[in-house]
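A quick write-up on the structure given underneath.
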Protein chains: 2
Amino acid sequence: MTNTGPSERVTIYDVAHAARVSTATASKALNDTGRVSLETRDRIKRVARELGFRPNALARSLTRKRSFSVGLLTNDTYGRFTLPLMAGISEGLIDHGVSVFLCAIGDNPDLARIHVNAMLDKQVDGIIATGKRIDKPLPVDLTRLSVPVVYALTAGPSNAVTLVSDDRQGATAAVNHLLAQGRRRIAHVTGPSDFQVVHERASAFAQALDEVGATTHARVLFGSWSEHWGHQAIEALWSGADKPDGIFCGNDQIARGVVDALRERGVSVPDDVSVVGFDNWEIVAKETRPPLTTVDMNLKELGRQAGLALLRLVNGEAVETGVWKLPCSLIVRSS
Amino acid sequence: MTNTGPSERVTIYDVAHAARVSTATASKALNDTGRVSLETRDRIKRVARELGFRPNALARSLTRKRSFSVGLLTNDTYGRFTLPLMAGISEGLIDHGVSVFLCAIGDNPDLARIHVNAMLDKQVDGIIATGKRIDKPLPVDLTRLSVPVVYALTAGPSNAVTLVSDDRQGATAAVNHLLAQGRRRIAHVTGPSDFQVVHERASAFAQALDEVGATTHARVLFGSWSEHWGHQAIEALWSGADKPDGIFCGNDQIARGVVDALRERGVSVPDDVSVVGFDNWEIVAKETRPPLTTVDMNLKELGRQAGLALLRLVNGEAVETGVWKLPCSLIVRSS
DNA sequence: ACAGCCTGAGAAATCGGTTTCTCAACGCGT
DNA sequence: ACGCGTTGAGAAACCGATTTCTCAGGCTGT
């Protein structure tokens with residue numbers, strides 16, 4: 001029963017011959033197109049199944065002018081954002097028979113160019129550009145391509161579809177959670193002020209406090225995206241009077257630093273101070289003691305939507321351009 | 001100067017027509033094959049350049065029976081291993097015009113089957129299977145495929161090429177580093193005992209100590225791959241007499257927990273105790289206080305080699321089967 | 001001057017499908 | 001019995017390359 005030889009692939013000619021019809025009829029039968037009697041259609045399908053026929057996607061793509069593959073460009077080397085996104089894209093597209101070429105281009109424009117050209121040569125139906133931050137574009141111009149492009153978590157031109165998480169809504173949910181815990185002296189320890197998301201989150205933070213009239217104790221501290229900065233911030237906050245009872249952090253690493261620093265000072269989380277992070281990077285959030293309450297950007301869903309949006313563009317369907325903000329979810333743990 | 005219309009692609013017919021030759025001659029000229037006069041060859045190449053001709057890879061693949069794309073299968077959802085590997089594979093293959101289909105299959109056999117079929121339909125030249133651990137296979141059988149398969153960081157059949165990091169060598173380097181610091185009472189805090197790498201590292205640990213006759217104080221503690229376990233292990237070690245002055249950890253997360261726990265006990269790292277981790281997961285290792293000395297598995301290089309090995313198999317070249325162990329590097333930081 | 005070889009180039013087949021066009025056979029209404 | 005529309009199926013063109021085969025013309029040797 002061993003499969004001798006390199007198992008020559010079964011072509012549509014083999015199927016047609018075995019079913020005693022022409023390849024034209026075979027093709028029409030297998031694709032449920034054209035005029036073929038039900039009887040013949042079934043017979044051909046049965047024969048195809050028996051022979052284990054699998055159409056050569058390359059040949060099909062050549063005439064259909066659809067390769068059923070798309071390119072995914074990323075400059076995220078750690079994969080912290082890319083892989084969840086990728087998983088979502090892949091999941092959303094595999095149902096439509098679409099596969100994904102992944103290209104990690106870093107910040108190298110030449111490498112990016114090479115990869116984009118390779119993808120275009122392979123006739124990708126479209127491209128998804130992803131990055132780490134929404135206010136910087138990838139190091140390559142994708143606006144003059146002959147295929148549609150969708151941007152996710154990276155800056156795109158205004159006439160394109162760009163998907164991002166709704167950081168404002170996420171931040172609001174985080175602050176409202178702190179308020180619901182009865183916290184009123186809330187600080188925001190966040191990343192570098194040249195990130196657009198930093199401003200969005202900070203502005204939502206301020207507004208949410210404003211709405212309950214709790215602005216008196218509101219403070220925003222800008223720094224870096226590191227645990228180290230979380231420590232420093234606590235040092236600064238605890239060296240003054242009016243210590244906060246709630247801290248909303250710009251990401252989980254900062255939150256991790258904040259929680260660790262508080263513990264080292266003997267401040268109990270969440271009894272004395274409640275802390276909320278951002279990103280739901282499980283490897284950090286779950287290992288923090290106590291596990292971190294944080295905002296999840298639903299990257300997988302964002303990826304799915306990006307994939308489906310690209311598919312609609314490929315099919316020539318109308319798609320609303322501009323920035324799509326997808327909701328974040330608050331993941332409540334013990335902090 | 002705007003690009004009106006969907007910019008019809010330039011085909012080899014256009015080039016041939018513009019250069020007043022047949023497509024046969026054009027093809028031969030552009031590929032530096034066949035018999036074409038130098039003069040004609042140059043003219044055709046010039047025309048092709050002027051027209052911006054880029055051959056349709058699909059059409060080319062159809063006759064050449066080489067798609068110049070390979071599939072990458074992974075069950076690693078966080079991308080901690082996959083993305084560096086991917087970057088290496090991609091980097092090694094792009095020079096050869098080969099692109100990579102990435103499929104995240106998790107632990108779902110059906111999904112895996114679907115993706116493998118999609119890749120085969122798209123005529124991938126080969127497949128690279130990657131995972132998180134070398135003693136478990138992916139949830140799909142790749143042994144009866146019509147294309148070559150290379151395994152990286154996952155279990156493969158013995159007659160295939162499997163690339164893994166040389167954990168024994170890496171662990172030896174780690175222990176020797178501790179010994180070079182003058183440490184003699186060394187413990188090994190590592191992951192679950194049902195991981196093969198855990199045994200390899202532990203065995204290398206024991207052997208390295210044996211060679212300098214320092215086995216008296218050698219202890220191996222098995223646990224989980226978490227920071228939490230690092231804390232617990234320190235608690236256990238410090239509750240007895242004969243506390244270690246050097247700790248080799250099974251991964252960076254454990255090491256992170258160990259270092260944090262030591263700091264909380266007022267034990268100085270590295271003055272009182274030296275700690276070495278494993279993985280060089282920078283996001284953990286660099287943020288540990290002090291930054292972690294750790295073993296890097298050189299995953300990018302491993303990926304590059306996996307890609308090149310696959311390419312050789314695709315080209316029908318002889319490749320030594322079995323397990324290839326690639327060296328690890330010790331990254332010395334301050335711990 | 002003629003057979004034989006080499007060179008450069010094109011015609012045509014091919015890869016594995018899809019799609020358009022054509023056509024024979026059949027049913028139906030009158 | 002005749003015209004007409006419908007149906008099922010095949011022949012052939014096509015997608016965009018590569019590759020084999022063929023052949024005219026020039027060169028060489030005797």
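Simple scheme: letters A, B, ... for chains in structure tokens order, numbers from 1 for residues in each chain, numbers from 1 for ligands in the order shown.
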Write out, as JSON lines, each residue of chain D that has an atom at most 9 Å from chain A, together with the closest pair of atoms and their distance in Å to one decimal, counting only C-alpha atoms (C1' of nucleotides), rows going by chain and rising number.
```
{"residue": "D:DT7", "atom": "C1'", "partner": "A:Arg35", "partner_atom": "CA", "distance": 7.8}
{"residue": "D:DG8", "atom": "C1'", "partner": "A:Val36", "partner_atom": "CA", "distance": 5.9}
{"residue": "D:DA9", "atom": "C1'", "partner": "A:Thr25", "partner_atom": "CA", "distance": 6.8}
{"residue": "D:DG10", "atom": "C1'", "partner": "A:Ser22", "partner_atom": "CA", "distance": 6.2}
{"residue": "D:DC14", "atom": "C1'", "partner": "A:Thr63", "partner_atom": "CA", "distance": 7.7}
{"residue": "D:DC15", "atom": "C1'", "partner": "A:Thr63", "partner_atom": "CA", "distance": 4.5}
{"residue": "D:DG16", "atom": "C1'", "partner": "A:Leu62", "partner_atom": "CA", "distance": 7.7}
```
Quiz prompt | Residues of stretch 183-326 of chain B in strand (DSSP E or B), written as a PyMOL selection string | solution = chain B and resi 186-190+219-222+246-249+274-278+293-296+322-326
Which residues of chain C sit at most 10 Å from chain B, using only C-alpha atoms (C1' of nucleotides)? Give each one's shortest atom pair and distance in Å (one decimal place), in chain and ascending residue order, as a Markdown table.
```
| residue | atom | partner | partner_atom | distance |
| --- | --- | --- | --- | --- |
| C:DT7 | C1' | B:Arg35 | CA | 7.8 |
| C:DG8 | C1' | B:Val36 | CA | 5.9 |
| C:DA9 | C1' | B:Thr25 | CA | 6.7 |
| C:DG10 | C1' | B:Ser22 | CA | 6.2 |
| C:DA11 | C1' | B:Ser22 | CA | 9.2 |
| C:DT14 | C1' | B:Thr63 | CA | 7.5 |
| C:DC15 | C1' | B:Thr63 | CA | 4.6 |
| C:DG16 | C1' | B:Leu62 | CA | 7.8 |
```
Exercise. Could you list, as a PyMOL selection string, the residues of chain B having an atom within 6 Å of chain A when counting only C-alpha atoms?
Key: chain B and resi 56-58+79+83+100-102+121-122
Residues just named, written with N, CA, C and O atoms as a short mmCIF file (atom, residue, chain, number, x, y, z; two decimals), in the first residue's frame:
```cif
data_model
loop_
_atom_site.label_atom_id
_atom_site.label_comp_id
_atom_site.auth_asym_id
_atom_site.auth_seq_id
_atom_site.Cartn_x
_atom_site.Cartn_y
_atom_site.Cartn_z
N ASN B 56 5.34 37.58 -14.79
CA ASN B 56 4.29 37.01 -13.95
C ASN B 56 4.79 35.68 -13.37
O ASN B 56 4.95 34.71 -14.08
N ALA B 57 5.01 35.71 -12.06
CA ALA B 57 5.61 34.53 -11.43
C ALA B 57 4.69 33.32 -11.53
O ALA B 57 5.16 32.18 -11.55
N LEU B 58 3.40 33.55 -11.59
CA LEU B 58 2.45 32.44 -11.68
C LEU B 58 2.65 31.68 -12.99
O LEU B 58 2.74 30.45 -13.01
N GLY B 79 4.41 33.91 19.13
CA GLY B 79 5.40 34.37 18.18
C GLY B 79 6.77 34.54 18.79
O GLY B 79 7.68 35.03 18.15
N LEU B 83 8.64 34.32 15.29
CA LEU B 83 9.01 35.50 14.51
C LEU B 83 10.49 35.64 14.25
O LEU B 83 10.88 35.94 13.12
N VAL B 100 7.42 33.31 1.58
CA VAL B 100 6.98 32.40 2.63
C VAL B 100 5.51 32.59 2.97
O VAL B 100 5.08 33.70 3.31
N PHE B 101 4.75 31.53 2.86
CA PHE B 101 3.37 31.53 3.37
C PHE B 101 3.41 31.17 4.84
O PHE B 101 3.92 30.10 5.19
N LEU B 102 2.87 32.03 5.68
CA LEU B 102 2.85 31.71 7.10
C LEU B 102 1.47 31.22 7.52
O LEU B 102 0.46 31.85 7.20
N ASP B 121 -2.00 23.12 -2.81
CA ASP B 121 -2.71 23.58 -4.00
C ASP B 121 -1.96 24.73 -4.65
O ASP B 121 -1.96 24.87 -5.87
N LYS B 122 -1.36 25.55 -3.82
CA LYS B 122 -0.61 26.69 -4.37
C LYS B 122 0.79 26.27 -4.77
O LYS B 122 1.63 27.11 -5.07
#
```
Practice problem: May I ask for the distance between atom CA of A:Arg304 and atom CA of A:Val164, given in Å to one decimal place? | Solution: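 Taking atom CA of A:Arg304 and atom CA of A:Val164, their separation equals 12.3 Å.
Contact shell of stretch 131-138 of chain A at 8 Å (only C-alpha atoms (C1' of nucleotides); same-chain neighbours under 6 positions omitted): A:Thr74, A:Asn75, A:Asp76, A:Phe81, A:Thr82, A:Asp107, A:Ala152, A:Leu153, A:Thr154, A:Ala155, A:Gly156, A:Val164, A:Phe195, A:Gln196, A:Val197.
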Can I get the selected residues back with C-alpha atoms, as a PDB file, in the first residue's frame?
```pdb
ATOM      1  CA  THR A  74       5.240  44.132   9.071  1.00  0.00           C
ATOM      2  CA  ASN A  75       8.046  46.010  10.749  1.00  0.00           C
ATOM      3  CA  ASP A  76       7.357  44.495  14.142  1.00  0.00           C
ATOM      4  CA  PHE A  81       1.435  42.781  17.651  1.00  0.00           C
ATOM      5  CA  THR A  82       2.026  40.946  14.414  1.00  0.00           C
ATOM      6  CA  ASP A 107      12.869  49.454   8.998  1.00  0.00           C
ATOM      7  CA  ALA A 152      -3.631  48.022  10.277  1.00  0.00           C
ATOM      8  CA  LEU A 153      -1.896  49.600  13.257  1.00  0.00           C
ATOM      9  CA  THR A 154       0.227  51.731  10.979  1.00  0.00           C
ATOM     10  CA  ALA A 155      -0.221  55.093   9.278  1.00  0.00           C
ATOM     11  CA  GLY A 156      -1.882  54.990   5.878  1.00  0.00           C
ATOM     12  CA  VAL A 164      -6.788  50.744  14.560  1.00  0.00           C
ATOM     13  CA  PHE A 195       3.263  58.675  20.310  1.00  0.00           C
ATOM     14  CA  GLN A 196      -0.197  59.539  19.093  1.00  0.00           C
ATOM     15  CA  VAL A 197      -1.778  56.767  21.160  1.00  0.00           C
TER      16      VAL A 197
END
```
Self-check item: Among the residues B:Leu163, B:Leu142, B:Ala174, B:Ile128, the one that comes closest to B:Asn298 [using only C-alpha atoms]
Solution: B:Leu163
Exercise. Write out as a VMD selection string all residues of stretch 219-324 of chain B that DSSP puts in alpha helix (DSSP H) for this structure's backbone.
Key: chain B and resid 227 to 239 252 to 264 282 to 285 299 to 314
Quiz prompt | Contacts of C:DA12 within 10 Å, only C-alpha atoms (C1' of nucleotides), excl. fewer than 5 positions in-chain, as a ChimeraX atom specification | solution = /D:20-22
Quiz item: How far is it from atom CA of A:Ala202 to atom CA of A:Ala171, in Å with one decimal?
Solution: 7.9 Å
Practice problem: Can you work out the spacing between atom CA of A:Arg185 and atom CA of A:Ile234 in Å, to one decimal? | Solution: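 Computed distance, atom CA of A:Arg185 to atom CA of A:Ile234, equals 14.1 Å.
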Tell me, counting only C-alpha atoms (C1' of nucleotides), for each residue of chain C within 10 Å of stretch 2-5 of chain D, which pair of atoms is nearest and how far apart they are in Å to one decimal, in rows ordered by chain and increasing number, as JSON lines.
```
{"residue": "C:DG27", "atom": "C1'", "partner": "D:DG5", "partner_atom": "C1'", "distance": 9.3}
{"residue": "C:DC28", "atom": "C1'", "partner": "D:DC4", "partner_atom": "C1'", "distance": 9.0}
{"residue": "C:DG29", "atom": "C1'", "partner": "D:DC4", "partner_atom": "C1'", "distance": 9.5}
{"residue": "C:DT30", "atom": "C1'", "partner": "D:DC2", "partner_atom": "C1'", "distance": 9.4}
```
Quiz item: Can you list, as a list in words, every protein, DNA or RNA residue that comes within 6 Å of stretch 271-280 of chain B when you count only C-alpha atoms (C1' of nucleotides), leaving out same-chain residues fewer than 4 positions away?
Solution: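 Counting only the stated atoms, we get Asp245, Gly246, Ile247, Phe248, Cys249, Gly250, Asn251, Asp252, Ala255, Thr293, Thr294, Val295, Asp296 and Ser335 of chain B.
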Prev. selection, C-alpha atoms, output as a CSV table (one decimal), in the first residue's frame:
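Wrote part_34.csv, looks like this:
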```
chain,number,residue,atom,x,y,z
B,245,ASP,CA,25.9,31.3,45.1
B,246,GLY,CA,25.0,30.7,41.5
B,247,ILE,CA,21.7,29.8,39.7
B,248,PHE,CA,21.3,28.6,36.2
B,249,CYS,CA,17.6,29.0,35.1
B,250,GLY,CA,15.7,27.0,32.5
B,251,ASN,CA,14.4,30.2,30.9
B,252,ASP,CA,14.4,33.9,31.2
B,255,ALA,CA,15.3,33.8,35.9
B,293,THR,CA,23.0,37.2,31.5
B,294,THR,CA,21.4,34.5,29.4
B,295,VAL,CA,21.8,32.0,26.6
B,296,ASP,CA,20.7,33.0,23.1
B,335,SER,CA,23.4,39.3,36.5
```
Quiz item: So which residues touch A:Ser224 within 7 Å, counting only C-alpha atoms (C1' of nucleotides), skipping near sequence neighbours fewer than 4 positions away, as JSON, numbers by chain?
Solution: {"A": [191, 192, 229]}
Output of the above residues as a PDB file, in the first residue's frame, restricted to C-alpha atoms:
```pdb
ATOM      1  CA  GLY A 191       4.820  56.259  27.328  1.00  0.00           C
ATOM      2  CA  PRO A 192       6.700  58.847  25.280  1.00  0.00           C
ATOM      3  CA  TRP A 229       9.855  53.798  33.927  1.00  0.00           C
TER       4      TRP A 229
END
```
Quiz prompt | Exercise: C:DC21 partners within 12 Å, only C-alpha atoms (C1' of nucleotides), chain neighbours under 4 positions left out, as a VMD selection string | solution = chain D and resid 10 to 13
Write out the residues from the selection above, keeping N, CA, C and O atoms (P, O5', C5', C4', C3', O3' and C1' of nucleotides), as a PDB file, in the first residue's frame.
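And here's result-v1.pdb as it stands now:
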```pdb
ATOM      1  P    DG D  10     -18.299  16.035 -23.739  1.00  0.00           P
ATOM      2  O5'  DG D  10     -17.540  16.660 -24.994  1.00  0.00           O
ATOM      3  C5'  DG D  10     -18.019  16.382 -26.299  1.00  0.00           C
ATOM      4  C4'  DG D  10     -17.508  17.434 -27.260  1.00  0.00           C
ATOM      5  C3'  DG D  10     -16.007  17.680 -27.166  1.00  0.00           C
ATOM      6  O3'  DG D  10     -15.496  17.825 -28.478  1.00  0.00           O
ATOM      7  C1'  DG D  10     -17.138  19.712 -26.880  1.00  0.00           C
ATOM      8  P    DA D  11     -13.924  17.652 -28.719  1.00  0.00           P
ATOM      9  O5'  DA D  11     -13.635  18.762 -29.826  1.00  0.00           O
ATOM     10  C5'  DA D  11     -14.720  19.352 -30.559  1.00  0.00           C
ATOM     11  C4'  DA D  11     -14.259  20.670 -31.175  1.00  0.00           C
ATOM     12  C3'  DA D  11     -12.747  20.837 -31.298  1.00  0.00           C
ATOM     13  O3'  DA D  11     -12.477  21.615 -32.453  1.00  0.00           O
ATOM     14  C1'  DA D  11     -13.595  22.435 -29.767  1.00  0.00           C
ATOM     15  P    DA D  12     -10.982  21.989 -32.801  1.00  0.00           P
ATOM     16  O5'  DA D  12     -10.792  23.425 -32.125  1.00  0.00           O
ATOM     17  C5'  DA D  12     -11.820  24.411 -32.305  1.00  0.00           C
ATOM     18  C4'  DA D  12     -11.418  25.685 -31.563  1.00  0.00           C
ATOM     19  C3'  DA D  12      -9.922  25.994 -31.565  1.00  0.00           C
ATOM     20  O3'  DA D  12      -9.774  27.388 -31.699  1.00  0.00           O
ATOM     21  C1'  DA D  12     -10.680  25.932 -29.372  1.00  0.00           C
ATOM     22  P    DA D  13      -8.363  28.031 -31.994  1.00  0.00           P
ATOM     23  O5'  DA D  13      -8.403  29.356 -31.100  1.00  0.00           O
ATOM     24  C5'  DA D  13      -9.640  30.066 -30.957  1.00  0.00           C
ATOM     25  C4'  DA D  13      -9.612  30.875 -29.673  1.00  0.00           C
ATOM     26  C3'  DA D  13      -8.272  31.571 -29.401  1.00  0.00           C
ATOM     27  O3'  DA D  13      -8.533  32.862 -28.906  1.00  0.00           O
ATOM     28  C1'  DA D  13      -8.828  30.192 -27.578  1.00  0.00           C
TER      29       DA D  13
END
```
